Each structure stands twice: as structure tokens, then as C-alpha cells.
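Notes for the one structure printed next.
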Amino acid sequence: MPTIPPSLLKLQQQFGEAISTPLELLDEDANFRMRTEHYDLSLVKLLVPREDLGLSGMDRLATYNQQYWFRLLSTMQEEYPLLARLTGPGVFAQLVMDYLQQFPSNSASLRDLSRLLVTYMSMDSHYNRASWVQAAELEYLYIHAFDAGRLPVLDLSHLSPEQQVDQLALPIRFQPDLRLFSESWNLVELRMLARSENDPEGPILIPAHAQHHWAIYRKEHYVTAEAIGVFQYQLLDALMQGKPLEDAVNHVVEQTDDHGRAFMQERLTSWFDHWRRLGWFAQPDC
Amino acid sequence: MPESHTMTYQAKNLGIGIGLRVPHIAHIIANKPDVDFFEIISENYMVDGGPPRENLDRILEHYPVVQHGVSLSIASADDLDFEYLKKLKALCRHTQTPWFSDHLCWTRCNSHNYHDLLPIPYTEEYADFIAAKAKIVQDYMEIPFALENLSTYVAFENSQMPEWEFYQRVIDKAGVYMMFDVNNVYVSAVNHQFDPVDYLKHIDYSRVVQCHVAGHTELPNGTLLDTHNDHVKDVVWEMYRYVYQQTGGVSTILEWDADFLTFDETMAEAAIARKFQIQDKNVQV
């Protein structure tokens with residue numbers, strides 16, 4: 001590898017620091033100004049002004065500063081439509097800037113921008129409101145499901161009945177996009193609303209307490225949420241942790257009463273048939 | 001692939017295409033319109049799976065695809081990212097792109113990715129540093145590597161040469177190729193008050209494997225931004241006429257990345273290029 005010119009490294013450090021200087025929010029509607037006073041003056045001196053346009057080196061650098069945050073904020077607004085509506089545009093913009101100051105992007109892909117958002121929000125007292133954190137968890141599952149790979153779907157049709165029984169004694173392999181989500185507010189419903197309205201600056205949404213369980217997965221070319229009952233959630237959770245079917249069923253049964261056991265026994269076959277039709281199971285040997 | 005800059009790679013002229021963008025994909029897959037080729041943003045497809053990869057495979061069944069990247073960061077003081085290059089190479093093999101391109105810029109420093117195409121001063125030291133990296137990249141990738149000239153919004157007092165000289169020096173020293181963006185020349189020329197004709201007259205067109213044309217936006221303060229969200233300006237088409245003539249005919253992509261038109265409208269804009277593809281040795285810029 002060629003020797004790195006020290007002056008290039010210094011310049012890029014200064015330039016990077018300047019263009020990622022957080023914007024100053026002026027109001028709750030996310031109007032802002034660039035904090036050009038924070039730019040390193042030794043860098044600004046290196047920039048050619050456009051005197052005919054009245055543009056100083058600082059003004060010209062600010063173009064990059066503005067572009068940097070507009071790109072990242074618009075990406076996050078697109079990926080986190082619910083969180084943006086729960087917090088309001090000003091708080092959301094501040095959250096994104098605070099988060100990216102703490103955890104700058106280290107990936108070539110903007111799809112990875114929010115990889116540590118939930119971690120950050122959980123740690124920060126300004127943003128760790130439970131419904132916000134849970135909304136961020138949900139929206140990250142949508143990102144994950146959209147980008148996840150697809151394995152061949154489980155096909156037991158070529159196996160004999162005995163082989164099918166043997167197969168079910170092994171841990172079940174799920175499609176990589178499938179994730180379970182247990183919500184304490186009506187977040188899935190609100191996310192659908194936020195997506196359909198497509199207005200990050202729309203009125204703040206107030207979540208209502210509601211305990212629901214969901215399977216988030218990719219159906220064709222979009223990600224969707226399938227409502228599941230608590231027993232289905234527990235069973236799928238146990239299976240996704242690698243428990244063989246019998247152990248997973250026993251694990252759930254142990255946590256319920258006679259009524260629950262009867263309920264599960266009655267529906268177990270139809271649940272599996274439904275999940276199979278949705279393509280959630282993958283071939284174990286691929 | 002050529003092993004040194006003394007060898008010339010005769011890039012096939014694939015015709016006129018557009019950048020493949022999400023709002024058009026369903027239409028393309030459903031209708032299989034007559035398009036010479038598409039250009040993809042490599043990073044959008046360097047994922048494990050999901051709709052982007054599935055759609056790409058369907059596009060590849062019917063169209064040639066060339067790859068254009070935004071995150072190689074060849075001008076960065078950071079080392080080359082071989083994990084990134086490994087994924088890029090795998091995608092290149094999958095798409096069978098005849099060449100791949102990225103920008104003569106940096107996007108990353110100290111592992112912080114800025115997701116923007118950032119400028120550097122035009123010095124001999126930096127040109128030679130970048131050329132050494134570009135040569136490594138092309139050798140590793142085993143297909144021709146083309147660097148795109150950048151549109152910039154700042155210029156540096158310590159630059160030692162004009163942009164075209166810097167660009168040509170990197171290309172020649174590395175033995176790589178040019179992805180020549182005509183709109184970028186115009187944007188930088190306006191922003192930095194140089195004559196775009198000077199730029200065009202100093203380029204070795206034997207190194208150009210592909211052209212870009214696109215629209216741009218003027219900010220209230222007079223700065224032009226390379227936004228790819230508008231029609232190609234007449235002056236840029238006129239520059240393209242000269243460039244196309246000088247290259248002897250080269251693959252051309254219209255980039256349109258925001259405020260999208262319908263697919264047919266976008267293709268109609270790209271097709272304007274045909275009017276300027278005149279093989280006439282008397283063409284002047």
C-alpha cells in the first residue's frame with residue numbers, strides 16, 4: 001500500500017469534522033442553521049472564496065455540511081417513519097444528529113446507518129422513552145427483513161412419513177428475514193398509518209397501550225407484520241432459539257394451564273400448516 | 001484486461017441507458033422495454049438478499065448491466081477496504097459488468113463514512129498516492145476500473161494544477177480508465193470559474209469507457225449542485241456532443257436520482273443523447 005501523505009490525512013480529518021458538525025435546530029419543526037463558527041479556521045483558510053458571489057470559504061464548506069445532514073436525516077426519516085411521528089420532526093432530527101455523533105457511520109451502505117440506534121436510545125436519558133425505543137426496535141426489524149437473504153423453502157413432500165417425523169425431531173430452520181416482535185403499544189398499527197400518510201412532519205402520533213405479538217417477515221417484495229397469539233409467539237420463539245419441536249411445545253405447555261394446553265393441541269397442526277404456507281421454514285441442509 | 005497504461009482497452013459501446021432506480025424497476029420487469037443497458041449503484045446490491053438482489057437477477061436476464069460505485073473512497077487517506085472490494089468483486093462477477101467505476105474522491109476517513117463524494121486539493125503527491133491505490137484496485141478486481149471526475153463545491157488554495165490535469169495524471173499513472181461525467185465538468189466549471197472547454201480539450205479520450213449526463217440545480221447563492229433531479233441542460237448536451245465525437249462513440253448513461261419522472265419520460269430524456277452522437281470530425285465545442 002502506498003505511503004499515506006500526512007497532510008492528506010490531516011485535511012480529511014478537518015474536512016470530515018467540519019461537514020459533520022451538527023446543525024443547530026431553531027424550532028420544533030426542524031428548521032436549522034449551520035454552526036459554521038465551529039469549523040476549523042485553518043481548514044477554512046485553505047478554501048478558495050467566490051468573492052463575486054459573496055461566498056467565503058466557510059460558506060462553501062457549509063454546502064457540504066448541509067448536504068451531509070440532509071442526506072442522513074432523509075435516510076433516517078424514510079427508514080423510521082413511525083419514530084419520526086412519535087417524536088416530532090425537531091426531536092427526531094436532534095436524535096439522529098446526537099446518535100450519529102455518538103455512532104458515526106462506518107459502513108459503505110446507508111442501510112446500516114441505524115444499526116446501533118436502539119442501543120444508543122436505550123443508553124440516553126433524552127431518548128429512552130419505552131415506546132420510542134420499542135418503535136425503533138420495530139422499524140429496525142423492517143430494515144432487517146427487507147435486506148435479509150432467502151433460503152430454499154422447506155419441502156417435506158419428497159420424504160416418507162417416517163422421514164418427516166425424523167425431520168421434525170431436528171431444530172427447525174427459519175428464513176433469515178423472519179423476526180418476532182412483542183409490542184406494548186399499538187406500534188405496528190401506527191407505523192402503517194405513518195407510512196400511508198408519508199409525512200414526517202405530520203402531527204405527533206400518541207401510542208395507546210396494547211399488548212400484541214407479531215411476526216415481521218418479507219412477503220414477495222415488501223415487509224409485512226403477521227399478528228400471532230401469545231402461544232404462537234412463545235412457540236416460535238422457542239423454535240427460533242433452536243429447540244426441537246417437541247422440546248419447544250413442552251416449553252410452552254409448561255407455562256400454561258389445562259385450558260391453554262387444550263387450546264394449543266387443537267391448533268398446533270393448523271399453525272404449522274399456516275407458517276409453512278407463508279414460507280417461514282427453510283430447508284435445513286442448505 | 002490491460003496490465004499497464006501502455007495498453008488500451010477497447011470498451012464496447014453499449015449504447016444509451018439509464019441508472020436503474022427503484023421507482024422504475026417494476027415497470028422494467030413487467031414490460032421489458034427496449035433499453036440498451038442499465039447502470040446500477042453497486043452498493044445497493046452488495047447485500048445478502050432481498051428485493052434488490054432478486055430484481056437485479058430479473059434485470060440481468062434481459063439487459064447488460066454496468067456497475068458504478070459511490071463508496072470506494074479511492075482518495076481517502078484510509079487504507080483500501082478489502083472486505084468492501086471482496087463483495088464488490090463478487091457482485092461484478094455476478095453481473096458480468098465489462099468494467100466498474102467509482103469517483104475520484106474520498107467518502108471515508110478514520111473509518112467514518114460520510115456518504116458524500118468529497119474533494120481534495122489537486123497536488124502531484126495526492127495524484128500519485130491515488131494512482132497507486134487505483135492500480136491496486138484494478139489489479140485486484142481483474143476488470144477495467146474507471147474513475148469518474150467529480151463535481152465540487154469548494155476549491156483548495158494549495159492545488160498545484162487544474163482539475164483535468166490532476167484527473168489525467170491519476171488515470172495515466174494508474175493505467176485505469178475514465179468514467180467521464182459531462183455534467184460534472186460543467187458544474188465544477190461554474191463553481192470554480194474555469195472554462196469547461198479548456199477541460200474538455202485536455203482529456204485523453206482514448207481512456208474513456210463510459211459517459212454520464214445528468215441535470216443539476218442552482219442554489220440561491222449561485223452554487224451549482226450535482227443533484228441529478230432535472231433535465232440535462234443544453235450546454236451540457238453540447239459538451240456531450242464534443243466528448244462523444246472525441247471518444248469515437250462510448251456507452252452513455254443518463255443519471256436521474258430524485259424528483260423522478262416516469263420510466264418512459266426518463267428514457268425519452270436519455271434518448272436525446274442520440275441527437276448529439278454525431279461522428280463528424282468538424283464538431284467544435
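Following the order of the C-alpha cells, chains are lettered A, B, ..., residues in each are numbered from 1, and ligands are numbered from 1.
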
Specify as a ChimeraX atom specification all residues of chain A found within 6 Å of chain B, counting only C-alpha atoms. /A:4,9,46-48,60,105-106,108,146-149,221

Same residues, N, CA, C and O atoms, output as an mmCIF file, in the first residue's frame:
```
data_model
loop_
_atom_site.group_PDB
_atom_site.id
_atom_site.type_symbol
_atom_site.label_atom_id
_atom_site.label_comp_id
_atom_site.auth_asym_id
_atom_site.auth_seq_id
_atom_site.Cartn_x
_atom_site.Cartn_y
_atom_site.Cartn_z
ATOM 1 N N ILE A 4 0.827 6.967 3.048
ATOM 2 C CA ILE A 4 -0.239 7.979 3.152
ATOM 3 C C ILE A 4 0.390 9.346 3.384
ATOM 4 O O ILE A 4 1.160 9.528 4.336
ATOM 5 N N LEU A 9 -4.204 13.149 5.334
ATOM 6 C CA LEU A 9 -4.945 12.638 6.492
ATOM 7 C C LEU A 9 -5.445 13.795 7.351
ATOM 8 O O LEU A 9 -6.624 13.826 7.747
ATOM 9 N N LEU A 46 -7.778 27.327 3.733
ATOM 10 C CA LEU A 46 -7.323 26.588 2.546
ATOM 11 C C LEU A 46 -8.330 26.651 1.400
ATOM 12 O O LEU A 46 -8.032 26.203 0.288
ATOM 13 N N LEU A 47 -9.537 27.167 1.669
ATOM 14 C CA LEU A 47 -10.607 27.111 0.668
ATOM 15 C C LEU A 47 -10.703 28.424 -0.092
ATOM 16 O O LEU A 47 -10.654 29.512 0.508
ATOM 17 N N VAL A 48 -10.852 28.305 -1.391
ATOM 18 C CA VAL A 48 -10.905 29.490 -2.260
ATOM 19 C C VAL A 48 -12.285 30.132 -2.151
ATOM 20 O O VAL A 48 -13.292 29.452 -2.373
ATOM 21 N N ARG A 60 -18.808 28.082 1.527
ATOM 22 C CA ARG A 60 -18.726 26.986 0.564
ATOM 23 C C ARG A 60 -18.621 25.638 1.281
ATOM 24 O O ARG A 60 -19.205 24.645 0.852
ATOM 25 N N SER A 105 -21.397 6.666 11.011
ATOM 26 C CA SER A 105 -21.488 5.542 10.073
ATOM 27 C C SER A 105 -20.101 4.994 9.773
ATOM 28 O O SER A 105 -19.178 5.743 9.458
ATOM 29 N N ASN A 106 -19.955 3.693 9.873
ATOM 30 C CA ASN A 106 -18.682 3.086 9.461
ATOM 31 C C ASN A 106 -18.906 2.056 8.368
ATOM 32 O O ASN A 106 -18.073 1.189 8.134
ATOM 33 N N ALA A 108 -20.201 1.261 4.226
ATOM 34 C CA ALA A 108 -20.356 1.859 2.902
ATOM 35 C C ALA A 108 -21.825 2.025 2.535
ATOM 36 O O ALA A 108 -22.154 2.755 1.618
ATOM 37 N N PHE A 146 -36.163 -6.630 5.087
ATOM 38 C CA PHE A 146 -36.086 -6.243 3.676
ATOM 39 C C PHE A 146 -34.778 -6.716 3.046
ATOM 40 O O PHE A 146 -34.755 -7.165 1.895
ATOM 41 N N ASP A 147 -33.697 -6.625 3.805
ATOM 42 C CA ASP A 147 -32.369 -6.911 3.239
ATOM 43 C C ASP A 147 -31.917 -8.357 3.427
ATOM 44 O O ASP A 147 -30.878 -8.748 2.882
ATOM 45 N N ALA A 148 -32.646 -9.127 4.217
ATOM 46 C CA ALA A 148 -32.171 -10.475 4.569
ATOM 47 C C ALA A 148 -32.162 -11.393 3.347
ATOM 48 O O ALA A 148 -32.949 -11.211 2.409
ATOM 49 N N GLY A 149 -31.285 -12.377 3.400
ATOM 50 C CA GLY A 149 -31.230 -13.365 2.328
ATOM 51 C C GLY A 149 -32.442 -14.274 2.349
ATOM 52 O O GLY A 149 -33.270 -14.223 3.276
ATOM 53 N N HIS A 221 -42.018 -8.704 -2.302
ATOM 54 C CA HIS A 221 -41.059 -7.601 -2.304
ATOM 55 C C HIS A 221 -41.337 -6.548 -1.246
ATOM 56 O O HIS A 221 -40.872 -5.416 -1.358
#
```

Need to verify the contact set: Ala130 (chain A), 12 Å, only C-alpha atoms, exclusion of same-chain residues closer than 5 positions in sequence. Can you return it as a ChimeraX atom specification? /A:83,86,118,121-125,135-137,183-185,187,207,209

Store the residues picked out above, limited to all heavy atoms, as a short mmCIF file (atom, residue, chain, number, x, y, z; two decimals), in the first residue's frame.
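Printed below is again24.cif as written:
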```
data_model
loop_
_atom_site.label_atom_id
_atom_site.label_comp_id
_atom_site.auth_asym_id
_atom_site.auth_seq_id
_atom_site.Cartn_x
_atom_site.Cartn_y
_atom_site.Cartn_z
N LEU A 83 -41.08 6.37 14.19
CA LEU A 83 -40.32 7.07 15.23
C LEU A 83 -40.36 8.58 14.97
O LEU A 83 -40.50 9.38 15.91
CB LEU A 83 -38.89 6.55 15.26
CG LEU A 83 -37.99 7.09 16.37
CD1 LEU A 83 -38.58 6.77 17.74
CD2 LEU A 83 -36.58 6.52 16.25
N LEU A 86 -43.64 9.79 16.21
CA LEU A 86 -43.83 9.72 17.67
C LEU A 86 -43.08 10.86 18.36
O LEU A 86 -43.53 11.39 19.38
CB LEU A 86 -43.31 8.39 18.22
CG LEU A 86 -44.06 7.11 17.82
CD1 LEU A 86 -43.39 5.89 18.45
CD2 LEU A 86 -45.53 7.16 18.22
N VAL A 118 -31.03 1.63 18.43
CA VAL A 118 -31.73 1.16 19.62
C VAL A 118 -30.80 1.17 20.83
O VAL A 118 -31.16 1.60 21.92
CB VAL A 118 -32.34 -0.24 19.39
CG1 VAL A 118 -32.86 -0.84 20.68
CG2 VAL A 118 -33.45 -0.16 18.34
N MET A 121 -30.36 4.78 21.89
CA MET A 121 -31.55 5.35 22.55
C MET A 121 -31.72 4.77 23.96
O MET A 121 -32.11 5.48 24.88
CB MET A 121 -32.80 5.07 21.70
CG MET A 121 -32.84 5.87 20.41
SD MET A 121 -34.24 5.45 19.35
CE MET A 121 -35.61 6.08 20.34
N SER A 122 -31.44 3.48 24.07
CA SER A 122 -31.60 2.84 25.39
C SER A 122 -30.66 3.45 26.42
O SER A 122 -30.97 3.48 27.62
CB SER A 122 -31.32 1.34 25.28
OG SER A 122 -32.17 0.77 24.33
N MET A 123 -29.51 3.94 25.94
CA MET A 123 -28.50 4.47 26.86
C MET A 123 -28.71 5.93 27.21
O MET A 123 -28.14 6.43 28.17
CB MET A 123 -27.10 4.35 26.23
CG MET A 123 -26.60 2.95 26.06
SD MET A 123 -24.90 2.89 25.43
CE MET A 123 -24.78 4.27 24.32
N ASP A 124 -29.48 6.64 26.38
CA ASP A 124 -29.53 8.09 26.51
C ASP A 124 -30.85 8.52 27.16
O ASP A 124 -31.93 8.21 26.66
CB ASP A 124 -29.40 8.74 25.12
CG ASP A 124 -29.19 10.24 25.24
OD1 ASP A 124 -30.12 10.94 25.71
OD2 ASP A 124 -28.10 10.71 24.88
N SER A 125 -30.73 9.25 28.24
CA SER A 125 -31.94 9.61 29.01
C SER A 125 -32.89 10.52 28.23
O SER A 125 -34.07 10.59 28.55
CB SER A 125 -31.52 10.28 30.32
OG SER A 125 -30.77 11.44 30.03
N ALA A 135 -40.46 1.39 19.27
CA ALA A 135 -40.73 1.76 17.87
C ALA A 135 -39.46 1.61 17.03
O ALA A 135 -39.50 1.11 15.89
CB ALA A 135 -41.26 3.19 17.78
N ALA A 136 -38.34 2.04 17.60
CA ALA A 136 -37.06 1.92 16.87
C ALA A 136 -36.72 0.44 16.65
O ALA A 136 -36.24 0.06 15.58
CB ALA A 136 -35.94 2.62 17.64
N GLU A 137 -36.99 -0.39 17.66
CA GLU A 137 -36.75 -1.84 17.50
C GLU A 137 -37.59 -2.39 16.35
O GLU A 137 -37.10 -3.14 15.50
CB GLU A 137 -37.10 -2.59 18.79
CG GLU A 137 -36.11 -2.38 19.92
CD GLU A 137 -36.61 -2.93 21.26
OE1 GLU A 137 -37.82 -3.20 21.38
OE2 GLU A 137 -35.79 -3.05 22.17
N GLU A 183 -45.17 -6.14 21.22
CA GLU A 183 -45.33 -4.71 21.47
C GLU A 183 -46.20 -4.43 22.68
O GLU A 183 -47.10 -5.20 23.00
CB GLU A 183 -45.91 -4.01 20.24
CG GLU A 183 -47.34 -4.42 19.91
CD GLU A 183 -47.92 -3.69 18.69
OE1 GLU A 183 -47.19 -2.98 18.00
OE2 GLU A 183 -49.14 -3.85 18.46
N SER A 184 -45.90 -3.32 23.32
CA SER A 184 -46.69 -2.88 24.48
C SER A 184 -47.58 -1.70 24.12
O SER A 184 -48.34 -1.22 24.96
CB SER A 184 -45.76 -2.48 25.62
OG SER A 184 -44.80 -3.47 25.83
N TRP A 185 -47.43 -1.19 22.91
CA TRP A 185 -48.28 -0.12 22.38
C TRP A 185 -48.69 -0.53 20.96
O TRP A 185 -48.09 -1.42 20.38
CB TRP A 185 -47.51 1.21 22.33
CG TRP A 185 -47.15 1.76 23.65
CD1 TRP A 185 -47.87 2.66 24.39
CD2 TRP A 185 -45.98 1.47 24.43
NE1 TRP A 185 -47.21 2.94 25.57
CE2 TRP A 185 -46.06 2.22 25.61
CE3 TRP A 185 -44.88 0.65 24.23
CZ2 TRP A 185 -45.07 2.17 26.60
CZ3 TRP A 185 -43.90 0.59 25.20
CH2 TRP A 185 -43.99 1.35 26.37
N LEU A 187 -47.95 -0.10 18.04
CA LEU A 187 -46.92 0.49 17.18
C LEU A 187 -47.00 0.00 15.73
O LEU A 187 -46.77 0.79 14.80
CB LEU A 187 -45.54 0.19 17.77
CG LEU A 187 -45.30 0.78 19.16
CD1 LEU A 187 -43.95 0.34 19.70
CD2 LEU A 187 -45.39 2.31 19.13
N PRO A 207 -49.09 6.87 20.98
CA PRO A 207 -49.38 5.43 21.02
C PRO A 207 -50.30 5.07 22.19
O PRO A 207 -50.24 5.71 23.24
CB PRO A 207 -47.99 4.80 21.20
CG PRO A 207 -47.17 5.86 21.86
CD PRO A 207 -47.71 7.18 21.42
N HIS A 209 -51.60 2.02 24.83
CA HIS A 209 -51.15 0.74 25.38
C HIS A 209 -51.93 -0.41 24.75
O HIS A 209 -53.15 -0.35 24.64
CB HIS A 209 -51.34 0.71 26.91
CG HIS A 209 -50.16 1.34 27.62
ND1 HIS A 209 -48.94 0.71 27.72
CD2 HIS A 209 -50.03 2.53 28.23
CE1 HIS A 209 -48.09 1.50 28.38
NE2 HIS A 209 -48.74 2.62 28.70
#
```

Within 9 Å of region 67-69 of chain A, counting only C-alpha atoms, which residues qualify if same-chain residues fewer than 4 places away don't, as a ChimeraX atom specification? /A:19-23,62-63,73-74,97 /B:114-116

Go ahead and save the residues from that selection, with N, CA, C and O atoms, as a short mmCIF file (atom, residue, chain, number, x, y, z; two decimals), in the first residue's frame.
```cif
data_model
loop_
_atom_site.label_atom_id
_atom_site.label_comp_id
_atom_site.auth_asym_id
_atom_site.auth_seq_id
_atom_site.Cartn_x
_atom_site.Cartn_y
_atom_site.Cartn_z
N ILE A 19 -17.81 19.03 8.10
CA ILE A 19 -19.08 18.77 7.40
C ILE A 19 -20.03 17.94 8.25
O ILE A 19 -21.23 17.89 7.95
N SER A 20 -19.51 17.29 9.30
CA SER A 20 -20.42 16.56 10.18
C SER A 20 -20.75 17.35 11.44
O SER A 20 -21.34 16.80 12.38
N THR A 21 -20.39 18.63 11.46
CA THR A 21 -20.78 19.48 12.59
C THR A 21 -22.31 19.50 12.68
O THR A 21 -22.98 19.83 11.69
N PRO A 22 -22.88 19.15 13.82
CA PRO A 22 -24.35 19.11 13.91
C PRO A 22 -24.96 20.48 13.62
O PRO A 22 -24.38 21.52 13.94
N LEU A 23 -26.13 20.44 13.01
CA LEU A 23 -26.87 21.67 12.74
C LEU A 23 -27.49 22.16 14.05
O LEU A 23 -27.75 21.37 14.96
N ALA A 62 -19.96 25.06 4.08
CA ALA A 62 -21.28 24.82 4.67
C ALA A 62 -22.20 24.06 3.71
O ALA A 62 -23.11 23.35 4.15
N THR A 63 -21.95 24.18 2.41
CA THR A 63 -22.75 23.41 1.44
C THR A 63 -22.61 21.91 1.72
O THR A 63 -23.58 21.16 1.71
N LEU A 73 -30.43 12.66 7.43
CA LEU A 73 -31.76 12.85 8.03
C LEU A 73 -32.85 12.29 7.13
O LEU A 73 -33.80 11.67 7.60
N SER A 74 -32.73 12.50 5.83
CA SER A 74 -33.78 11.99 4.94
C SER A 74 -33.76 10.47 4.89
O SER A 74 -34.81 9.82 4.83
N MET A 97 -29.03 13.39 14.86
CA MET A 97 -27.71 14.04 14.94
C MET A 97 -26.94 13.58 16.17
O MET A 97 -25.74 13.29 16.08
N TYR B 114 -18.77 9.23 5.30
CA TYR B 114 -19.56 10.47 5.22
C TYR B 114 -20.67 10.40 4.18
O TYR B 114 -21.47 11.33 4.07
N HIS B 115 -20.73 9.32 3.42
CA HIS B 115 -21.79 9.13 2.41
C HIS B 115 -21.91 10.34 1.49
O HIS B 115 -23.02 10.75 1.13
N ASP B 116 -20.79 10.92 1.15
CA ASP B 116 -20.77 12.02 0.19
C ASP B 116 -19.47 11.91 -0.60
O ASP B 116 -18.51 11.28 -0.15
#
```

Set the distance at 12 Å and use only C-alpha atoms: which residues neighbour Arg267 (chain A) once local chain neighbours fewer than 5 positions away are removed? I'd like the list as a PyMOL selection string. chain A and resi 229+231-232+260-262+272-274

Based on DSSP run over this structure's backbone, return all residues of region 108-233 of chain A in strand (DSSP E), as a list in words. Arg173, Phe174, Arg179, Leu180, Phe181, Ser182, Glu183, Ser184, Trp185, His209, Ala210, Gln211, His212, His213, Trp214, Ala215, Ile216, Tyr217, Arg218, Lys219, Tyr222, Val223, Thr224, Ala225, Glu226, Ala227 and Ile228 of chain A

Residues of the last selection are to be written out with N, CA, C and O atoms, as a short mmCIF file (atom, residue, chain, number, x, y, z; two decimals), in the first residue's frame.
```cif
data_model
loop_
_atom_site.label_atom_id
_atom_site.label_comp_id
_atom_site.auth_asym_id
_atom_site.auth_seq_id
_atom_site.Cartn_x
_atom_site.Cartn_y
_atom_site.Cartn_z
N ARG A 173 -35.24 -24.77 10.87
CA ARG A 173 -34.51 -23.61 10.36
C ARG A 173 -35.53 -22.63 9.75
O ARG A 173 -36.37 -23.02 8.95
N PHE A 174 -35.40 -21.38 10.14
CA PHE A 174 -36.33 -20.35 9.65
C PHE A 174 -35.67 -19.48 8.60
O PHE A 174 -34.44 -19.37 8.53
N ARG A 179 -38.61 -12.31 12.00
CA ARG A 179 -38.31 -11.90 13.37
C ARG A 179 -39.63 -11.74 14.14
O ARG A 179 -40.65 -11.39 13.57
N LEU A 180 -39.57 -12.00 15.44
CA LEU A 180 -40.75 -11.85 16.29
C LEU A 180 -40.69 -10.51 17.00
O LEU A 180 -39.62 -10.00 17.33
N PHE A 181 -41.88 -9.97 17.24
CA PHE A 181 -41.94 -8.65 17.89
C PHE A 181 -43.12 -8.64 18.86
O PHE A 181 -44.25 -8.95 18.47
N SER A 182 -42.85 -8.29 20.08
CA SER A 182 -43.90 -8.19 21.09
C SER A 182 -44.02 -6.73 21.47
O SER A 182 -43.06 -6.13 21.97
N GLU A 183 -45.17 -6.14 21.22
CA GLU A 183 -45.33 -4.71 21.47
C GLU A 183 -46.20 -4.43 22.68
O GLU A 183 -47.10 -5.20 23.00
N SER A 184 -45.90 -3.32 23.32
CA SER A 184 -46.69 -2.88 24.48
C SER A 184 -47.58 -1.70 24.12
O SER A 184 -48.34 -1.22 24.96
N TRP A 185 -47.43 -1.19 22.91
CA TRP A 185 -48.28 -0.12 22.38
C TRP A 185 -48.69 -0.53 20.96
O TRP A 185 -48.09 -1.42 20.38
N HIS A 209 -51.60 2.02 24.83
CA HIS A 209 -51.15 0.74 25.38
C HIS A 209 -51.93 -0.41 24.75
O HIS A 209 -53.15 -0.35 24.64
N ALA A 210 -51.21 -1.43 24.34
CA ALA A 210 -51.83 -2.61 23.73
C ALA A 210 -50.77 -3.69 23.66
O ALA A 210 -49.65 -3.43 23.22
N GLN A 211 -51.10 -4.88 24.16
CA GLN A 211 -50.13 -5.97 24.12
C GLN A 211 -50.44 -6.86 22.91
O GLN A 211 -51.47 -7.52 22.88
N HIS A 212 -49.58 -6.83 21.92
CA HIS A 212 -49.77 -7.65 20.72
C HIS A 212 -48.46 -8.35 20.38
O HIS A 212 -47.38 -7.88 20.74
N HIS A 213 -48.61 -9.45 19.66
CA HIS A 213 -47.42 -10.18 19.19
C HIS A 213 -47.47 -10.26 17.67
O HIS A 213 -48.54 -10.44 17.09
N TRP A 214 -46.30 -10.14 17.07
CA TRP A 214 -46.23 -10.09 15.61
C TRP A 214 -45.05 -10.91 15.11
O TRP A 214 -44.03 -11.02 15.78
N ALA A 215 -45.22 -11.39 13.90
CA ALA A 215 -44.09 -11.94 13.15
C ALA A 215 -43.84 -10.97 12.00
O ALA A 215 -44.73 -10.68 11.20
N ILE A 216 -42.63 -10.43 11.94
CA ILE A 216 -42.27 -9.49 10.88
C ILE A 216 -41.50 -10.29 9.82
O ILE A 216 -40.50 -10.94 10.15
N TYR A 217 -41.94 -10.25 8.59
CA TYR A 217 -41.28 -11.04 7.55
C TYR A 217 -41.49 -10.41 6.19
O TYR A 217 -42.32 -9.51 6.03
N ARG A 218 -40.71 -10.88 5.24
CA ARG A 218 -40.80 -10.34 3.88
C ARG A 218 -41.71 -11.23 3.04
O ARG A 218 -41.52 -12.44 2.97
N LYS A 219 -42.69 -10.58 2.44
CA LYS A 219 -43.64 -11.30 1.58
C LYS A 219 -43.44 -10.73 0.18
O LYS A 219 -43.70 -9.56 -0.04
N TYR A 222 -42.13 -6.89 -0.26
CA TYR A 222 -42.34 -5.93 0.82
C TYR A 222 -42.36 -6.65 2.17
O TYR A 222 -42.56 -7.86 2.23
N VAL A 223 -42.15 -5.88 3.21
CA VAL A 223 -42.12 -6.44 4.56
C VAL A 223 -43.48 -6.22 5.21
O VAL A 223 -44.08 -5.15 5.06
N THR A 224 -43.96 -7.24 5.88
CA THR A 224 -45.27 -7.14 6.50
C THR A 224 -45.24 -7.72 7.92
O THR A 224 -44.26 -8.36 8.30
N ALA A 225 -46.31 -7.44 8.67
CA ALA A 225 -46.42 -7.94 10.05
C ALA A 225 -47.63 -8.86 10.12
O ALA A 225 -48.72 -8.48 9.72
N GLU A 226 -47.41 -10.06 10.63
CA GLU A 226 -48.49 -11.03 10.78
C GLU A 226 -48.82 -11.13 12.28
O GLU A 226 -47.94 -11.41 13.09
N ALA A 227 -50.08 -10.86 12.61
CA ALA A 227 -50.48 -10.96 14.02
C ALA A 227 -50.45 -12.41 14.46
O ALA A 227 -50.95 -13.29 13.74
N ILE A 228 -49.88 -12.67 15.60
CA ILE A 228 -49.86 -14.03 16.15
C ILE A 228 -50.27 -13.97 17.61
O ILE A 228 -50.10 -12.95 18.28
#
```

Considering only C-alpha atoms, state which residue in the set A:Val153, A:Ile204, A:Met1, A:Leu170 is at the smallest distance from Glu28 (chain A).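 For Glu28 (chain A), the nearest of the candidates is A:Ile204.
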
So which residues of region 7-125 of chain B fall under alpha helix (DSSP H) by DSSP, listed as JSON, numbers by chain? {"B": [22, 23, 24, 25, 26, 27, 28, 29, 30, 31, 51, 52, 53, 54, 55, 56, 57, 58, 59, 60, 82, 83, 84, 85, 86, 87, 88, 89, 90, 91, 92, 93, 94, 95, 124, 125]}

Find the distance between CA of Gln160 (chain B) and CA of Glu51 (chain A) and write it in Å to one decimal.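 About the pair CA of Gln160 (chain B) and CA of Glu51 (chain A): they are 20.9 Å apart.
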
Hey, what's within 7 Å of region 13-22 of chain B if we count only C-alpha atoms and toss same-chain stuff fewer than 3 positions away? As a tab-separated table (two decimals) with C-alpha atoms, in the first residue's frame, please?
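And here is the file that came out, around_15.tsv:
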```
chain	number	residue	atom	x	y	z
B	25	ILE	CA	-37.96	-1.45	-11.56
B	35	VAL	CA	-33.13	-0.29	-23.39
B	36	ASP	CA	-29.53	-0.80	-24.45
B	37	PHE	CA	-28.20	-1.26	-20.91
B	38	PHE	CA	-28.61	-0.20	-17.30
B	39	GLU	CA	-26.16	1.08	-14.72
B	40	ILE	CA	-26.56	0.04	-11.09
B	249	GLY	CA	-18.58	6.55	-29.56
B	250	VAL	CA	-18.93	5.49	-25.97
B	251	SER	CA	-21.58	3.98	-23.68
B	252	THR	CA	-23.75	6.71	-22.22
B	253	ILE	CA	-25.88	6.76	-19.08
B	254	LEU	CA	-28.42	9.35	-18.01
B	255	GLU	CA	-28.39	9.67	-14.21
B	256	TRP	CA	-31.68	10.74	-12.62
B	270	ALA	CA	-31.76	9.71	-22.27
```

Distance of CA of Val232 (chain B) from CA of Asp264 (chain B), expressed in Å to one decimal place: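 Straight-line distance from CA of Asp264 (chain B) to CA of Val232 (chain B) works out to 15.9 Å.
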